[in-house]
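Reading through the structure tokens given below for one structure.
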Amino acid sequence: MKRFLLIGALALSSLGMSACGFTPLYARPGVEGGLSGIETIAAEGRGGYLLREQLDDALAHRQGTPAAYKLAFGVNETRFARGVRLDNVANRYELRMSVTWRLLDAKTGAEVHKGYTEASVTYDSADQPYAAIAAQQDGQERAAAEVARKIQLDLATWLAGKKPA
């Protein structure tokens, strides 16, 4: 009996969602194909490289196919000491990654969309030098993943608002 009620509730909730006009972002025409048509241009430094790798994965650009857009970005990273021990040595840091990006038409080079995205992550710093470096690099990777997710969502929203070609 409980199973029957659960199936009935799920069926009614799905009908309710379709009746109110809900359409997933990726179901809109041109969003998925538009994202895969964006080629990223890496910025300088490790943060730029990590962000490009994350964006290539998030946008699913197919290598060897002509890109409709090019995504150029600049990365600025700042690190702040947040936790201090009794001996006045920092043991916790905040890494803020700020990215200014521009979406360019691949044929004309004209700017069609732009934005600013940032993410902050924290990490512990150990007394051992290798562990401190590994923690900082892990923080950079997490910040790049978060920024890439935000840029992907912004681009998908922009593509969904465009009229299909």
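How things are named: the first chain in the structure tokens is A, the next is B, and so on; residues count from 1 in each chain; ligands count from 1 in the order shown.
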
Write down as a PyMOL selection string the residues of range 109-156 of chain A whose backbone DSSP state falls under helix (DSSP H, G or I).
chain A and resi 129-156

Output the selection as a compact mmCIF listing (two decimals), in the first residue's frame - C-alpha atoms for each residue.
```
# COMPACT_ATOMS: atom_id res chain seq x y z
CA PRO A 129 56.75 22.21 3.59
CA TYR A 130 55.46 19.55 1.18
CA ALA A 131 52.14 19.25 3.02
CA ALA A 132 51.71 23.05 2.97
CA ILE A 133 52.35 23.17 -0.80
CA ALA A 134 49.95 20.26 -1.40
CA ALA A 135 47.24 21.99 0.66
CA GLN A 136 47.66 25.24 -1.28
CA GLN A 137 47.51 23.42 -4.63
CA ASP A 138 44.38 21.56 -3.52
CA GLY A 139 42.84 24.91 -2.62
CA GLN A 140 43.64 26.23 -6.11
CA GLU A 141 42.03 23.18 -7.70
CA ARG A 142 38.86 23.54 -5.63
CA ALA A 143 38.64 27.28 -6.39
CA ALA A 144 39.10 26.63 -10.13
CA ALA A 145 36.36 23.97 -10.06
CA GLU A 146 33.95 26.35 -8.32
CA VAL A 147 34.68 29.24 -10.69
CA ALA A 148 34.29 26.94 -13.72
CA ARG A 149 30.91 25.76 -12.41
CA LYS A 150 29.72 29.36 -11.98
CA ILE A 151 30.94 30.38 -15.45
CA GLN A 152 29.28 27.32 -17.01
CA LEU A 153 25.98 28.21 -15.34
CA ASP A 154 26.23 31.85 -16.46
CA LEU A 155 26.96 30.82 -20.05
CA ALA A 156 24.12 28.26 -20.07
```

Rank A:Asp56, A:Glu118, A:Val99, A:Glu94 by their smallest atom-to-atom distance to Lys70 in chain A, using only C-alpha atoms, and report the top residue only.
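Among A:Asp56, A:Glu118, A:Val99, A:Glu94, it is A:Asp56 that comes nearest to Lys70 in chain A.
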
For CA of Thr100 in chain A and CA of Phe73 in chain A, determine how far apart the two atoms are, in Å to one decimal place.
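One can read the CA of Thr100 in chain A to CA of Phe73 in chain A distance as 5.6 Å.
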
For a quick check of understanding, using only C-alpha atoms, which of A:Gly45, A:Gly74, A:Gln128, A:Asn91 has the smallest distance to Gly115 in chain A?
A:Gly74
